[in-house]
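A.B. asks: Below are the C-alpha cells for one structure; questions will follow.
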Amino acid sequence: MKSDRRLDDLFRAARPAAPDTARAEHAFETRLLARLREERGGSWSAWAWRLAPFCAALAIGSAVWCHSVTSMEADADTLLDAVRSGGGAPPMVAWWPEGEP
Amino acid sequence: MSDPADDESLVAATLDGDDDAFAELVRRHKRRVFATASRFARDSHQLEDLCQEVFLRAFRHLGKFRHDAPFEHWLARLTVSACYDFLRRERRHRGQLSLDEMEFDARDLSADAVLSAGRARELVQWAMAKLSPDERLILTLLELEERSVREIAALTGWSESKVKVRAFRARQSLKKTLLLSDEI
C-alpha cells in the first residue's frame, strides 16, 4: 500500500537522526556517583531519624533502671546498718552465727 | 585501573562496595543507554533524568544480575523498562498539556516535500506522541532502533505474538494520524 511505503520511508529518514548526546554524556558518571552518595547519605540520616525515638526510649529506660537499682542498694545499706547496730535486730538475723556476739 | 577488567568482575567489585568499578561500568555502557533514551526524551533534562534512572536501577538491583547473560543485555532490559515507565508517566503529564505547539510542528513540516532526517524525526515524534506507551515503545524499538521482534520480546518480557500484534496496531494508528494531518 502507498501509505505503508510512505511510512517506511519516513522511518528510514528518521532512523539515523538520533540526537547527538555527547554533551549530555560528558562527566555523566561523576554526576551519577554524586547522586548515589547523596542518596546513601540521605538514607543514613533517614535511618538515624527513624531510630531516634527508640534511642531516646532506651536512654530513658536505662536511666530509670539505674535510678531504681541505686535506690534499692541504698535501702539495702540502710537495712544492713540497722542490723549491724544491733538495735531491734530481727530474730532471723540474731539466729545467724555471725549475728552472735 | 590499568588492566581492563571484564564487566562481570566490575559488577563483583561494585557489589563489594567499589564505587569506581561502577563508574567504569557506567562509562562503558552509557553511550548505548543514551542512544535508546534519546528516542523518548524530549529535552536534555529529561534525557539526563532518564539515564540516571536507568543506572540507579542497575546499581540498586545489581545483586539480582545473573551471570548467565552479558551485563549489556541485562542493562538493555533495564533501559527499556525505565523508558516504558517514563512514557507512561509522560502520557499522564501530556494529558494536561496543550497540543498547540505540537500541531505547529506538523504544519511546518507539511510545507516541505522532501523531509530531512531531523524533520522526519520531529514528525515521527509528533505522531508517536499520540500513541499509547506500549505502541510507542514497540515502534521505536522495531522501526527506529531496528531490533527484531524476538529481541523486543526479550527486552520487554512480552510474547512475540503480542509484540507483532501491537506493532501492527501501532502502525495503523500512526498511519491514521499522519493521513489526518496530510503528512503521508
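Simple scheme: letters A, B, ... for chains in C-alpha cells order, numbers from 1 for residues in each chain, numbers from 1 for ligands in the order shown.
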Counting only C-alpha atoms, which residues of chain A come no farther than 8 Å from chain B, as an mmCIF file with C-alpha atoms, in the first residue's frame?

C.D. replies:
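Written file, selection14.cif:
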data_model
loop_
_atom_site.group_PDB
_atom_site.id
_atom_site.type_symbol
_atom_site.label_atom_id
_atom_site.label_comp_id
_atom_site.auth_asym_id
_atom_site.auth_seq_id
_atom_site.Cartn_x
_atom_site.Cartn_y
_atom_site.Cartn_z
ATOM 1 C CA SER A 3 0.701 4.746 2.859
ATOM 2 C CA ASP A 4 2.722 1.778 4.162
ATOM 3 C CA ARG A 6 5.447 6.226 2.825
ATOM 4 C CA LEU A 7 5.511 5.288 6.480
ATOM 5 C CA LEU A 10 9.504 8.244 6.952
ATOM 6 C CA PHE A 11 11.033 5.759 9.390
ATOM 7 C CA ARG A 12 14.034 5.293 7.099
ATOM 8 C CA ALA A 13 14.558 9.062 7.037
ATOM 9 C CA ALA A 14 14.148 9.419 10.800
ATOM 10 C CA ARG A 15 16.331 6.430 11.759
ATOM 11 C CA PRO A 16 19.791 7.999 11.501
ATOM 12 C CA ALA A 17 18.620 11.203 13.144
ATOM 13 C CA ALA A 18 19.336 10.150 16.694
ATOM 14 C CA PRO A 19 20.283 13.299 18.602
ATOM 15 C CA THR A 21 24.191 13.018 23.129
ATOM 16 C CA ALA A 24 24.880 15.104 27.871
ATOM 17 C CA GLU A 25 27.192 12.115 28.302
ATOM 18 C CA GLU A 29 29.312 9.039 35.754
ATOM 19 C CA THR A 30 30.587 11.806 38.077
ATOM 20 C CA LEU A 32 25.592 9.831 38.879
ATOM 21 C CA LEU A 33 28.020 8.850 41.643
ATOM 22 C CA LEU A 36 24.298 7.895 44.608
#

A.B. asks: Can you pull out the residues contacting His73 (chain B)? Cut-off 12 Å, using only C-alpha atoms, and skip same-chain residues under 2 positions away; I want them as a PyMOL selection string.

C.D. replies: chain B and resi 7+29+32-33+58+65-71+75-80+151-152+154-156

A.B. asks: Have a look at CA of Arg166 (chain B) and CA of His61 (chain B) and let me know their distance in Å, one decimal.

C.D. replies: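 Atom-to-atom, CA of Arg166 (chain B) and CA of His61 (chain B) are spaced 29.2 Å apart.
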
A.B. asks: Could you state the separation of CA of Arg92 (chain B) and CA of Ala127 (chain B) in Å, given to one decimal place?

C.D. replies: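 Straight-line distance from CA of Arg92 (chain B) to CA of Ala127 (chain B) works out to 17.0 Å.
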
A.B. asks: What is the distance between CA of Ala153 (chain B) and CA of Ile138 (chain B), in Å to one decimal?

C.D. replies: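 Answer for the CA of Ala153 (chain B) to CA of Ile138 (chain B) separation: 9.4 Å.
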
A.B. asks: Which residues in region 5-129 of chain B does DSSP call helix (DSSP H, G or I)? List them as a ChimeraX atom specification.

C.D. replies: /B:7-15,19-37,44-60,62-64,71-94,100-110,117-128
